[in-house]
>>> print(open('model.txt').read())   # compact mmCIF, C-alpha atoms and all ligand atoms
# COMPACT_ATOMS: atom_id res chain seq x y z
CA MET A 1 118.40 110.45 83.97
CA THR A 2 114.75 109.68 84.81
CA THR A 3 112.46 112.72 84.95
CA ILE A 4 109.65 112.87 87.51
CA GLY A 5 106.39 114.76 87.73
CA LEU A 6 104.96 114.80 91.24
CA ALA A 7 101.24 115.30 91.97
CA GLY A 8 100.78 116.46 95.57
CA ALA A 9 103.09 118.40 97.88
CA GLY A 10 101.63 117.66 101.31
CA ARG A 11 103.72 116.17 104.10
CA ILE A 12 104.61 113.03 102.15
CA GLY A 13 105.27 114.95 98.92
CA ALA A 14 107.51 117.37 100.83
CA GLY A 15 109.35 114.41 102.36
CA LEU A 16 109.93 112.90 98.92
CA ILE A 17 111.15 116.23 97.49
CA ARG A 18 113.62 116.51 100.38
CA LEU A 19 114.86 112.98 99.76
CA LEU A 20 115.24 113.63 96.02
CA HIS A 21 117.50 116.58 96.93
CA THR A 22 119.53 114.86 99.62
CA SER A 23 119.74 111.11 98.98
CA PRO A 24 122.83 109.92 97.06
CA ALA A 25 120.58 107.13 95.71
CA ALA A 26 118.47 109.75 93.91
CA ARG A 27 121.27 111.06 91.68
CA SER A 28 119.73 109.50 88.57
CA LEU A 29 116.34 111.15 89.22
CA ARG A 30 115.30 114.69 88.29
CA LEU A 31 112.15 116.35 89.63
CA LYS A 32 110.72 118.49 86.84
CA THR A 33 107.23 119.61 87.93
CA VAL A 34 105.09 119.49 91.07
CA LEU A 35 101.30 119.64 90.73
CA VAL A 36 99.48 121.37 93.62
CA ARG A 37 95.84 122.34 93.98
CA ASP A 38 96.66 125.89 95.12
CA ARG A 39 99.81 127.53 93.76
CA ALA A 40 99.36 130.62 95.92
CA LYS A 41 99.52 128.71 99.23
CA PRO A 42 102.78 129.40 101.13
CA ARG A 43 104.96 126.26 101.29
CA PRO A 44 107.92 127.00 103.59
CA GLU A 45 108.66 123.25 103.82
CA LEU A 46 109.60 123.08 100.10
CA PRO A 47 112.87 124.33 98.57
CA ALA A 48 112.27 127.83 97.15
CA ASP A 49 112.98 126.74 93.55
CA THR A 50 110.38 123.91 93.54
CA PRO A 51 108.65 124.15 90.12
CA LEU A 52 104.90 124.28 90.92
CA THR A 53 101.93 124.04 88.57
CA ALA A 54 98.18 123.76 89.10
CA CYS A 55 97.58 122.16 85.70
CA PRO A 56 97.56 118.29 85.62
CA ALA A 57 98.45 118.25 81.91
CA ASP A 58 101.84 119.80 82.82
CA LEU A 59 102.62 116.39 84.30
CA THR A 60 100.62 113.91 82.28
CA ASP A 61 101.23 115.40 78.83
CA ASP A 62 104.82 116.59 79.18
CA PRO A 63 106.91 114.36 76.87
CA GLN A 64 110.01 114.95 79.04
CA ILE A 65 108.40 113.38 82.12
CA ASP A 66 109.02 109.63 82.42
CA VAL A 67 107.26 108.87 85.72
CA VAL A 68 104.27 110.47 87.45
CA VAL A 69 104.17 110.11 91.25
CA GLU A 70 100.63 110.48 92.57
CA LEU A 71 100.27 111.64 96.20
CA LEU A 72 97.11 113.72 95.99
CA GLY A 73 94.73 111.51 97.95
CA GLY A 74 91.09 110.96 97.01
CA VAL A 75 90.05 108.84 94.05
CA ALA A 76 88.42 110.67 91.11
CA GLU A 77 91.12 113.29 90.45
CA PRO A 78 94.08 110.90 91.00
CA PHE A 79 92.42 108.33 88.73
CA GLY A 80 92.19 110.94 85.95
CA ILE A 81 95.87 111.82 86.37
CA VAL A 82 97.14 108.24 86.64
CA SER A 83 95.13 106.96 83.68
CA GLN A 84 96.15 109.93 81.52
CA ALA A 85 99.82 109.45 82.50
CA LEU A 86 99.66 105.74 81.55
CA SER A 87 97.89 106.61 78.28
CA GLN A 88 100.75 108.99 77.53
CA GLY A 89 103.31 106.20 78.08
CA LYS A 90 104.49 107.24 81.55
CA ALA A 91 105.20 104.92 84.45
CA VAL A 92 103.31 105.61 87.68
CA VAL A 93 104.15 105.48 91.39
CA THR A 94 101.41 105.99 93.95
CA ALA A 95 100.90 105.90 97.71
CA ASN A 96 97.13 106.05 97.28
CA LYS A 97 95.44 102.95 98.74
CA ASN A 98 91.94 104.24 98.02
CA LEU A 99 92.76 104.72 94.36
CA LEU A 100 94.03 101.13 94.06
CA ALA A 101 91.28 99.57 96.14
CA GLU A 102 88.55 101.30 94.11
CA ARG A 103 90.01 101.65 90.63
CA GLY A 104 92.87 99.09 90.72
CA PRO A 105 91.45 96.83 87.95
CA GLU A 106 91.19 99.74 85.51
CA ILE A 107 94.66 101.04 86.35
CA PHE A 108 96.36 97.65 86.02
CA ALA A 109 94.45 96.85 82.81
CA LEU A 110 95.76 100.05 81.27
CA ALA A 111 99.27 99.47 82.61
CA ALA A 112 99.29 95.90 81.24
CA GLU A 113 98.04 97.08 77.86
CA ARG A 114 100.70 99.82 77.67
CA ARG A 115 103.37 97.62 79.29
CA LEU A 116 104.17 100.22 81.95
CA PRO A 117 105.05 99.69 85.64
CA VAL A 118 102.88 100.91 88.52
CA GLY A 119 104.82 101.15 91.80
CA PHE A 120 102.50 101.02 94.82
CA GLU A 121 104.59 99.73 97.74
CA ALA A 122 103.91 102.94 99.70
CA SER A 123 100.14 102.52 99.43
CA VAL A 124 100.02 99.84 102.16
CA CYS A 125 102.07 99.88 105.38
CA ALA A 126 104.38 102.69 104.19
CA GLY A 127 107.93 101.60 105.06
CA MET A 128 107.22 97.89 105.60
CA PRO A 129 107.89 96.04 102.32
CA ILE A 130 104.79 93.85 102.34
CA ILE A 131 103.89 94.31 98.67
CA ARG A 132 107.37 93.29 97.51
CA THR A 133 107.20 90.30 99.82
CA LEU A 134 103.87 89.12 98.42
CA GLN A 135 104.74 89.85 94.78
CA GLU A 136 108.32 88.58 94.84
CA ALA A 137 109.53 86.48 97.76
CA LEU A 138 106.25 84.57 98.17
CA ARG A 139 105.09 84.52 94.57
CA VAL A 140 105.52 80.76 94.15
CA ASP A 141 103.96 79.79 97.49
CA ARG A 142 100.22 79.38 98.08
CA ILE A 143 99.11 81.87 100.72
CA THR A 144 96.19 80.72 102.84
CA ALA A 145 95.87 83.55 105.39
CA LEU A 146 97.04 87.03 106.29
CA GLU A 147 96.53 88.87 109.54
CA GLY A 148 98.03 92.14 110.53
CA ILE A 149 98.17 95.44 112.27
CA VAL A 150 97.96 97.72 109.24
CA ASN A 151 96.72 100.99 110.70
CA GLY A 152 99.50 102.85 112.46
CA THR A 153 97.25 105.48 114.02
CA SER A 154 95.06 102.95 115.85
CA ASN A 155 98.08 101.02 117.07
CA TYR A 156 99.71 104.24 118.27
CA LEU A 157 96.55 105.10 120.24
CA LEU A 158 96.19 101.64 121.75
CA THR A 159 99.88 101.51 122.71
CA ARG A 160 99.80 104.86 124.48
CA MET A 161 96.52 104.04 126.21
CA SER A 162 98.08 100.80 127.41
CA GLU A 163 101.51 102.06 128.42
CA GLU A 164 100.82 105.61 129.62
CA ARG A 165 97.11 105.44 130.41
CA ALA A 166 96.92 108.43 128.03
CA SER A 167 93.52 109.65 126.93
CA TYR A 168 92.14 108.67 123.54
CA ALA A 169 91.63 112.32 122.52
CA GLN A 170 95.21 113.34 123.41
CA CYS A 171 96.72 110.38 121.52
CA LEU A 172 94.61 111.11 118.44
CA ALA A 173 95.75 114.77 118.43
CA ASP A 174 99.39 113.60 118.66
CA ALA A 175 98.92 111.10 115.80
CA GLN A 176 97.64 113.96 113.63
CA ARG A 177 100.53 116.23 114.61
CA LEU A 178 103.08 113.51 113.84
CA GLY A 179 101.56 112.87 110.40
CA PHE A 180 100.33 109.27 110.86
CA ALA A 181 96.62 109.96 110.82
CA GLU A 182 94.52 110.47 107.70
CA PRO A 183 93.09 113.95 106.98
CA ASP A 184 89.89 112.55 108.54
CA PRO A 185 91.20 110.45 111.47
CA GLY A 186 87.76 108.82 111.68
CA TYR A 187 88.91 106.79 108.67
CA ASP A 188 91.76 105.34 110.78
CA VAL A 189 89.94 104.63 114.02
CA SER A 190 86.82 103.17 112.39
CA GLY A 191 88.85 100.37 110.76
CA GLN A 192 88.13 101.56 107.21
CA ASP A 193 91.77 102.38 106.46
CA ALA A 194 92.79 98.89 107.58
CA ALA A 195 90.01 97.27 105.49
CA CYS A 196 91.11 99.16 102.39
CA LYS A 197 94.74 98.07 102.90
CA MET A 198 93.79 94.46 103.63
CA GLY A 199 91.68 94.39 100.44
CA ILE A 200 94.83 95.23 98.45
CA LEU A 201 97.03 92.74 100.32
CA ALA A 202 94.44 89.95 100.06
CA THR A 203 94.09 90.55 96.32
CA LEU A 204 97.86 90.12 95.90
CA ALA A 205 98.04 87.17 98.29
CA PHE A 206 95.11 85.17 96.91
CA GLY A 207 95.39 86.15 93.25
CA ALA A 208 91.69 87.10 93.19
CA CYS A 209 90.11 90.52 93.51
CA VAL A 210 89.07 90.97 97.15
CA ASP A 211 86.60 93.81 97.57
CA PHE A 212 87.45 95.52 100.87
CA ARG A 213 83.85 96.79 101.14
CA ARG A 214 82.75 93.20 101.81
CA LEU A 215 85.07 92.74 104.82
CA PRO A 216 83.07 93.15 108.04
CA THR A 217 84.73 96.21 109.56
CA SER A 218 84.76 97.88 112.94
CA GLY A 219 87.37 99.97 114.72
CA ILE A 220 88.66 101.17 118.04
CA ASP A 221 86.44 104.24 118.22
CA GLY A 222 84.09 102.72 120.83
CA LEU A 223 86.87 101.58 123.18
CA ALA A 224 87.67 103.13 126.54
CA LEU A 225 90.75 103.05 128.74
CA GLU A 226 88.77 100.67 130.94
CA ASP A 227 88.68 98.06 128.13
CA VAL A 228 92.44 98.31 127.59
CA ARG A 229 93.00 97.91 131.35
CA GLN A 230 90.59 95.01 131.81
CA ALA A 231 92.01 93.15 128.82
CA GLU A 232 95.49 93.45 130.31
CA ALA A 233 94.31 92.32 133.73
CA MET A 234 93.04 89.16 131.99
CA GLY A 235 96.38 88.58 130.16
CA TYR A 236 95.49 90.06 126.76
CA ARG A 237 96.30 93.15 124.70
CA ILE A 238 93.72 94.88 122.51
CA LYS A 239 94.86 95.37 118.89
CA LEU A 240 93.08 96.40 115.72
CA VAL A 241 93.62 93.34 113.53
CA ALA A 242 92.76 92.93 109.85
CA ALA A 243 92.53 89.25 108.98
CA VAL A 244 91.65 87.27 105.85
CA ARG A 245 91.72 83.56 105.16
CA ARG A 246 91.08 81.57 102.01
CA PRO A 247 91.12 77.79 102.25
CA THR A 248 91.91 75.86 99.04
CA GLY A 249 89.42 76.83 96.37
CA GLY A 250 87.26 78.36 99.07
CA ARG A 251 85.68 81.65 99.82
CA VAL A 252 87.38 84.51 101.61
CA ASP A 253 86.62 84.81 105.28
CA GLY A 254 87.83 87.73 107.32
CA GLU A 255 87.20 90.89 109.25
CA VAL A 256 88.75 94.07 110.57
CA ALA A 257 88.10 94.46 114.27
CA ALA A 258 89.66 95.20 117.63
CA VAL A 259 90.42 91.86 119.27
CA LEU A 260 91.97 90.64 122.51
CA LEU A 261 95.28 88.95 121.67
CA PRO A 262 97.12 86.79 124.19
CA LEU A 263 100.44 88.43 125.17
CA HIS A 264 102.45 85.68 123.42
CA HIS A 265 100.75 86.35 120.05
CA PRO A 266 103.30 87.79 117.56
CA LEU A 267 101.10 90.84 116.87
CA ALA A 268 100.60 91.63 120.59
CA SER A 269 104.08 93.17 120.94
CA ILE A 270 103.82 95.53 117.93
CA ARG A 271 104.03 99.04 119.42
CA MET A 272 103.16 102.62 118.46
CA GLU A 273 102.72 103.34 114.73
CA CYS A 274 104.53 100.15 113.66
CA ASN A 275 102.69 97.71 111.44
CA ALA A 276 103.09 93.95 111.14
CA VAL A 277 101.60 91.27 108.92
CA ARG A 278 101.68 87.54 109.59
CA ILE A 279 101.46 85.44 106.44
CA GLU A 280 100.49 81.76 106.41
CA SER A 281 101.55 79.88 103.30
CA GLU A 282 101.82 76.22 102.39
CA GLY A 283 105.55 76.08 101.71
CA LEU A 284 106.98 78.57 104.20
CA GLY A 285 104.48 78.13 107.01
CA GLU A 286 104.45 81.38 108.99
CA THR A 287 106.25 84.54 107.90
CA LEU A 288 106.14 87.72 109.99
CA LEU A 289 106.97 91.13 108.58
CA ALA A 290 107.09 94.19 110.84
CA GLY A 291 108.15 97.79 110.31
CA ARG A 292 107.24 101.45 110.23
CA GLY A 293 103.80 101.50 108.71
CA ALA A 294 102.90 105.18 108.80
CA GLY A 295 104.49 108.59 108.63
CA PRO A 296 106.09 110.86 106.04
CA ALA A 297 109.70 109.61 106.37
CA PRO A 298 109.13 105.85 105.81
CA THR A 299 106.62 106.58 103.05
CA ALA A 300 109.11 108.83 101.23
CA VAL A 301 111.86 106.19 101.44
CA THR A 302 109.52 103.60 99.94
CA LEU A 303 108.44 105.94 97.13
CA LEU A 304 112.10 106.55 96.30
CA ALA A 305 112.77 102.80 96.14
CA ASP A 306 109.83 102.36 93.71
CA LEU A 307 111.17 105.25 91.59
CA LEU A 308 114.65 103.71 91.47
CA ASP A 309 113.21 100.34 90.43
CA ILE A 310 111.57 102.10 87.48
CA ALA A 311 114.67 104.18 86.65
CA GLU A 312 116.87 101.07 86.72
CA GLY A 313 114.43 98.95 84.66
CA ARG A 314 113.76 96.52 87.54
CA ALA A 315 110.09 97.38 88.13
CA ARG A 316 107.43 94.75 87.48
CA ILE A 317 105.30 95.29 84.39
CA PRO A 318 101.75 94.05 85.04
CA THR A 319 100.45 91.33 82.74
CA ALA A 320 96.93 90.12 81.96
CA GLY A 321 97.37 87.65 84.87
CA HIS A 322 97.80 90.42 87.47
CA PRO A 323 95.76 89.77 90.66
CA PHE A 324 93.79 93.02 90.21
CA LEU A 325 92.63 91.66 86.83
CA ALA A 326 91.62 88.24 88.20
CA GLU A 327 88.14 86.95 89.12
CA VAL A 328 86.30 88.60 92.05
CA ALA A 329 86.66 86.54 95.24
CA GLY A 330 83.51 85.22 96.95
CA PHE A 331 83.02 85.71 100.71
CA ALA A 332 82.09 83.09 103.32
CA ASP A 333 79.24 83.40 105.83
CA GLN A 334 80.56 84.98 109.05
CA GLN A 335 77.99 83.62 111.45
CA ALA A 336 79.61 80.20 111.71
CA ALA A 337 82.96 81.37 113.15
CA ALA A 338 83.40 80.21 116.77
CA SER A 339 85.19 82.39 119.30
CA ARG A 340 85.34 83.56 122.89
CA TYR A 341 84.10 87.12 123.47
CA TYR A 342 84.75 90.10 125.75
CA LEU A 343 81.75 92.33 126.39
CA ARG A 344 81.28 95.62 128.22
CA LEU A 345 77.63 96.28 128.78
CA ALA A 346 75.81 99.12 130.50
CA VAL A 347 73.20 97.64 132.84
CA ALA A 348 70.69 99.07 135.29
CA ASP A 349 72.02 99.01 138.85
CA ARG A 350 69.03 97.30 140.47
CA PRO A 351 68.09 93.92 141.98
CA GLY A 352 67.68 91.13 139.44
CA THR A 353 69.83 92.63 136.67
CA LEU A 354 72.60 90.05 136.95
CA ALA A 355 70.08 87.19 136.95
CA GLN A 356 68.42 88.65 133.87
CA VAL A 357 71.75 89.03 132.02
CA ALA A 358 72.85 85.52 133.01
CA GLY A 359 69.46 84.19 131.86
CA CYS A 360 69.88 85.72 128.39
CA PHE A 361 73.22 83.94 127.97
CA ALA A 362 71.87 80.68 129.40
CA SER A 363 68.91 80.72 127.02
CA GLN A 364 71.32 80.57 124.05
CA GLY A 365 73.56 77.98 125.68
CA ILE A 366 76.46 80.42 126.04
CA SER A 367 78.64 79.87 129.06
CA ILE A 368 80.01 82.92 130.91
CA ALA A 369 83.73 82.61 131.67
CA SER A 370 84.14 85.68 133.90
CA LEU A 371 81.97 88.49 135.19
CA LEU A 372 82.96 91.82 136.73
CA GLN A 373 80.83 94.67 137.90
CA PRO A 374 83.30 97.29 139.14
CA GLU A 375 82.43 98.80 142.51
CA VAL A 376 79.93 101.68 142.19
CA PRO A 377 78.58 104.14 144.78
CA ASP A 378 75.32 103.24 146.45
CA LEU A 379 73.16 105.01 143.87
CA ALA A 380 69.41 104.98 143.91
CA GLY A 381 67.18 104.74 140.87
CA GLY A 382 68.77 102.00 138.75
CA SER A 383 71.29 104.17 136.89
CA LEU A 384 73.42 102.45 134.22
CA VAL A 385 76.70 100.91 135.37
CA PRO A 386 79.34 98.92 133.47
CA LEU A 387 79.25 95.14 133.47
CA ILE A 388 82.26 93.38 131.96
CA LEU A 389 82.09 89.74 131.04
CA THR A 390 83.84 87.14 128.93
CA THR A 391 82.28 84.07 127.35
CA HIS A 392 83.46 80.60 126.59
CA THR A 393 83.55 79.66 122.90
CA THR A 394 80.34 80.37 121.01
CA ASP A 395 79.29 81.44 117.54
CA ARG A 396 78.49 85.00 116.62
CA GLY A 397 74.94 84.19 115.53
CA ARG A 398 73.98 83.01 119.02
CA LEU A 399 75.79 85.93 120.65
CA ASP A 400 73.83 88.36 118.46
CA LEU A 401 70.59 86.80 119.72
CA VAL A 402 71.77 87.40 123.30
CA LEU A 403 72.68 91.00 122.49
CA ALA A 404 69.26 91.57 120.94
CA ALA A 405 67.55 90.13 124.03
CA LEU A 406 69.71 92.29 126.33
CA ALA A 407 68.91 95.40 124.28
CA ALA A 408 65.19 94.60 124.52
CA ALA A 409 65.64 94.30 128.31
CA GLY A 410 67.15 97.80 128.46
CA CYS A 411 70.87 96.90 128.60
CA GLY A 412 73.23 99.10 126.64
CA ARG A 413 75.81 97.34 124.51
CA ASN A 414 79.07 99.23 124.63
CA VAL A 415 81.80 96.91 123.43
CA VAL A 416 81.87 93.39 121.94
CA LEU A 417 85.33 92.04 121.06
CA ARG A 418 86.57 88.64 120.05
CA ILE A 419 89.14 86.95 122.28
CA ARG A 420 91.86 85.10 120.42
CA GLU A 421 93.42 82.11 122.11
CA HIS A 422 96.38 81.92 119.68
N1 LIG A 501 96.82 106.74 108.33
C1 LIG A 501 97.56 105.56 108.01
C2 LIG A 501 97.86 104.82 109.31
C3 LIG A 501 98.88 105.84 107.32
O1 LIG A 501 97.68 105.36 110.39
O2 LIG A 501 98.30 103.68 109.20
C4 LIG A 501 98.71 105.94 105.84
O3 LIG A 501 98.25 104.75 105.27
>>> encode(input="model.txt", output="structure tokens", more="lines below")
Ligand code: HSE
Amino acid sequence: MTTIGLAGAGRIGAGLIRLLHTSPAARSLRLKTVLVRDRAKPRPELPADTPLTACPADLTDDPQIDVVVELLGGVAEPFGIVSQALSQGKAVVTANKNLLAERGPEIFALAAERRLPVGFEASVCAGMPIIRTLQEALRVDRITALEGIVNGTSNYLLTRMSEERASYAQCLADAQRLGFAEPDPGYDVSGQDAACKMGILATLAFGACVDFRRLPTSGIDGLALEDVRQAEAMGYRIKLVAAVRRPTGGRVDGEVAAVLLPLHHPLASIRMECNAVRIESEGLGETLLAGRGAGPAPTAVTLLADLLDIAEGRARIPTAGHPFLAEVAGFADQQAAASRYYLRLAVADRPGTLAQVAGCFASQGISIASLLQPEVPDLAGGSLVPLILTTHTTDRGRLDLVLAALAAAGCGRNVVLRIREH
């Protein structure tokens, strides 16, 4: 029998407790203690006999507990609990991406020193086994690039905006109700959640510590239904994509951003809260993994699988060569990357505006591929109206010069997205 101490009884913790009671696979596991921040809070979702404590030492220092599962969220408090548990000889399972992205090297150093497993499959893409794939199936191949949809909330929003023309605000409220979104959904829609996850995946894939804070990051929070519609009219779908690339011996290049994907792209058909990651590696070529990337049920199933690996002695014990303990990866200069772009600007509705905008692009040698000013009423006074345009291939440095010139000329810059051709 393997005895578990659980830190955190929110929606995911409650899902895991339910699974520990009901899954035949969990027969060899016993839940001893559950750490909560507030013992007095009513918890109708938990079985009445759930043994609660508000004292972390009841988990970390209890000699009967073999594994501590950390589901608290945040970084400082979970780090204290995880490091104390490891110091006391306990294995750890966590779904906390922020903890790993920020304190991963310290946690894995301690785990390697104490020869204890740390299960963290649930920390990235919940029910989609991407960490196992990188650490096991692909461990002998050299991975050169990863790109994926790794934030379920953003993909859920974009899918519903595309398929139902639903409003952004309504979709976000539904994502919160269904348990996909973070406590602060701004973390999802700003791309930060995806950057944090991609930092962990890139570290495992490249065998070098990739600091997610260095990935240029933007989200879907500035997008409107109009952008989703226009992209589709042009034969593309807007997706929040986290991408990293590392050529042989080279620096990491990547970003998290909403991009226009052609409909035939493998990530374009990933719907709702599903996640997918496309891996490029020398031996296998392309590998695509897709699955349920957010939500209490898939996360609980993944946590249970990590617990069983530990209980059955199959969990990986980190060594001094663990990717989180490797050198810190350098980053490449972004300005050189060439791409086509989609822009939605806000321009003054008056004679000469189009000539002025076209002149700004011409002065940087950027060719406009399409231009649309949706029909507007015959307003007086030069009010701001949308202008949607796409460019032929250019580099971001030159585009930024155009955007600066347009801003100086009084144009508002609403949306700038890269267009992917493949
Ligand atoms: N909020 C995350 C998402 C799930 O929407 O993908 C937890 O990582």
>>> closest_atom_pairs(input="model.txt", of="region 104-148 of chain A", to="region 314-318 of chain A", cutoff="9 Å", atoms="all atoms listed in the file", output="Markdown table")
| residue | atom | partner | partner_atom | distance |
| --- | --- | --- | --- | --- |
| A:Phe108 | CA | A:Pro318 | CA | 6.6 |
| A:Ala109 | CA | A:Pro318 | CA | 8.1 |
| A:Ala111 | CA | A:Pro318 | CA | 6.4 |
| A:Ala112 | CA | A:Pro318 | CA | 4.9 |
| A:Glu113 | CA | A:Pro318 | CA | 8.6 |
| A:Arg115 | CA | A:Ile317 | CA | 5.9 |
| A:Leu116 | CA | A:Ile317 | CA | 5.6 |
| A:Pro117 | CA | A:Ile317 | CA | 4.6 |
| A:Val118 | CA | A:Ile317 | CA | 7.4 |
| A:Gly119 | CA | A:Ala315 | CA | 7.4 |
>>> atom_distance(input="model.txt", atom1="CA of Ala409 (chain A)", atom2="CA of Gln230 (chain A)")
25.2 Å
>>> residues_near_ligand(input="model.txt", ligand="ligand LIG 501 (chain A)", cutoff="10 Å", atoms="all atoms listed in the file", output="number ranges by chain")
A: 12, 95-98, 122-126, 149-157, 175-176, 179-189, 193-194, 196-197, 273-275, 292-296, 299
>>> axis_aligned_box(input="model.txt", around="region 137-144 of chain A", padding_each_side="5 Å", output="lines of an AutoDock Vina configuration file")
center_x = 102.9
center_y = 82.9
center_z = 98.5
size_x = 23.3
size_y = 17.1
size_z = 18.7
>>> closest_residue(input="model.txt", among="A:Ala145, A:Val36, A:Leu100, A:Ala404", to="Gly250 (chain A)", atoms="only C-alpha atoms")
A:Ala145
>>> residues_around(input="model.txt", residues="region 344-349 of chain A", least_positions_apart="5", cutoff="6 Å", atoms="all atoms listed in the file", output="list in words")
Gly382, Ser383, Leu384, Val385, Pro386, Leu387, Ile388, Cys411, Gly412, Arg413, Asn414 and Val415 of chain A
>>> closest_residue(input="model.txt", among="A:Ala358, A:Leu225, A:Val301, A:Val241", to="Ala258 (chain A)", atoms="all atoms listed in the file")
A:Val241
>>> closest_residue(input="model.txt", among="A:Ala300, A:Arg214, A:Glu163, A:Ala57", to="Ala9 (chain A)", atoms="only C-alpha atoms")
A:Ala300
>>> residues_around(input="model.txt", residues="Thr393 (chain A)", least_positions_apart="4", cutoff="7 Å", atoms="all atoms listed in the file", output="list of chain:residue names")
A:Ala338, A:Ser339, A:Arg340
>>> residues_around(input="model.txt", residues="Leu289 (chain A)", least_positions_apart="4", cutoff="10 Å", atoms="all atoms listed in the file", output="VMD selection string")
chain A and resid 128 to 130 133 148 275 to 279
>>> residues_around(input="model.txt", residues="Leu71 (chain A)", least_positions_apart="3", cutoff="12 Å", atoms="only C-alpha atoms", output="JSON, numbers by chain")
{"A": [5, 6, 7, 8, 9, 10, 11, 12, 13, 14, 15, 16, 17, 34, 35, 36, 37, 68, 74, 75, 77, 78, 79, 81, 82, 92, 93, 94, 95, 96, 97, 98, 99, 120, 122, 123, 296, 299, 300, 303]}
>>> atom_distance(input="model.txt", atom1="CA of Arg398 (chain A)", atom2="CA of Pro247 (chain A)")
24.5 Å
>>> residues_around(input="model.txt", residues="Gly330 (chain A)", least_positions_apart="4", cutoff="12 Å", atoms="all atoms listed in the file", output="list of chain:residue names")
A:Thr203, A:Phe206, A:Ala208, A:Cys209, A:Val210, A:Asp211, A:Phe212, A:Arg214, A:Leu215, A:Arg245, A:Arg246, A:Pro247, A:Gly249, A:Gly250, A:Arg251, A:Val252, A:Asp253, A:Gly254
>>> closest_residue(input="model.txt", among="A:Leu260, A:Gln192, A:Ala311, A:Pro323", to="Ala233 (chain A)", atoms="all atoms listed in the file")
A:Leu260
>>> atom_distance(input="model.txt", atom1="CA of Ile107 (chain A)", atom2="CA of Glu121 (chain A)")
15.2 Å
>>> decode(input="model.txt", residues="region 94-136 of chain A", atoms="C-alpha atoms", output="mmCIF file, in the first residue's frame")
data_model
loop_
_atom_site.group_PDB
_atom_site.id
_atom_site.type_symbol
_atom_site.label_atom_id
_atom_site.label_comp_id
_atom_site.auth_asym_id
_atom_site.auth_seq_id
_atom_site.Cartn_x
_atom_site.Cartn_y
_atom_site.Cartn_z
ATOM 1 C CA THR A 94 2.606 17.930 -8.930
ATOM 2 C CA ALA A 95 0.337 19.594 -11.488
ATOM 3 C CA ASN A 96 1.962 22.965 -10.854
ATOM 4 C CA LYS A 97 3.599 24.329 -14.023
ATOM 5 C CA ASN A 98 4.592 27.610 -12.366
ATOM 6 C CA LEU A 99 6.423 25.782 -9.617
ATOM 7 C CA LEU A 100 8.436 23.752 -12.149
ATOM 8 C CA ALA A 101 9.082 26.625 -14.528
ATOM 9 C CA GLU A 102 10.367 28.865 -11.717
ATOM 10 C CA ARG A 103 11.925 26.469 -9.224
ATOM 11 C CA GLY A 104 12.415 23.320 -11.352
ATOM 12 C CA PRO A 105 16.249 23.263 -11.082
ATOM 13 C CA GLU A 106 16.131 23.334 -7.273
ATOM 14 C CA ILE A 107 13.421 20.674 -7.094
ATOM 15 C CA PHE A 108 15.158 18.282 -9.484
ATOM 16 C CA ALA A 109 18.547 18.850 -7.810
ATOM 17 C CA LEU A 110 17.038 17.828 -4.486
ATOM 18 C CA ALA A 111 15.178 14.887 -6.028
ATOM 19 C CA ALA A 112 18.371 13.678 -7.759
ATOM 20 C CA GLU A 113 20.355 13.997 -4.543
ATOM 21 C CA ARG A 114 17.723 12.062 -2.559
ATOM 22 C CA ARG A 115 17.029 9.646 -5.431
ATOM 23 C CA LEU A 116 13.281 10.315 -5.342
ATOM 24 C CA PRO A 117 10.816 10.576 -8.251
ATOM 25 C CA VAL A 118 8.931 13.758 -9.153
ATOM 26 C CA GLY A 119 5.838 13.065 -11.285
ATOM 27 C CA PHE A 120 4.780 16.144 -13.258
ATOM 28 C CA GLU A 121 2.859 14.883 -16.305
ATOM 29 C CA ALA A 122 -0.249 16.819 -15.190
ATOM 30 C CA SER A 123 1.636 20.124 -15.093
ATOM 31 C CA VAL A 124 1.559 20.536 -18.896
ATOM 32 C CA CYS A 125 -1.401 19.685 -21.156
ATOM 33 C CA ALA A 126 -3.278 17.772 -18.415
ATOM 34 C CA GLY A 127 -4.513 14.535 -20.028
ATOM 35 C CA MET A 128 -2.238 14.577 -23.088
ATOM 36 C CA PRO A 129 0.890 12.513 -22.299
ATOM 37 C CA ILE A 130 3.450 14.915 -23.743
ATOM 38 C CA ILE A 131 5.958 14.674 -20.894
ATOM 39 C CA ARG A 132 6.064 10.874 -21.080
ATOM 40 C CA THR A 133 6.488 11.128 -24.840
ATOM 41 C CA LEU A 134 9.445 13.506 -24.560
ATOM 42 C CA GLN A 135 11.084 11.696 -21.641
ATOM 43 C CA GLU A 136 10.495 8.140 -22.839
#
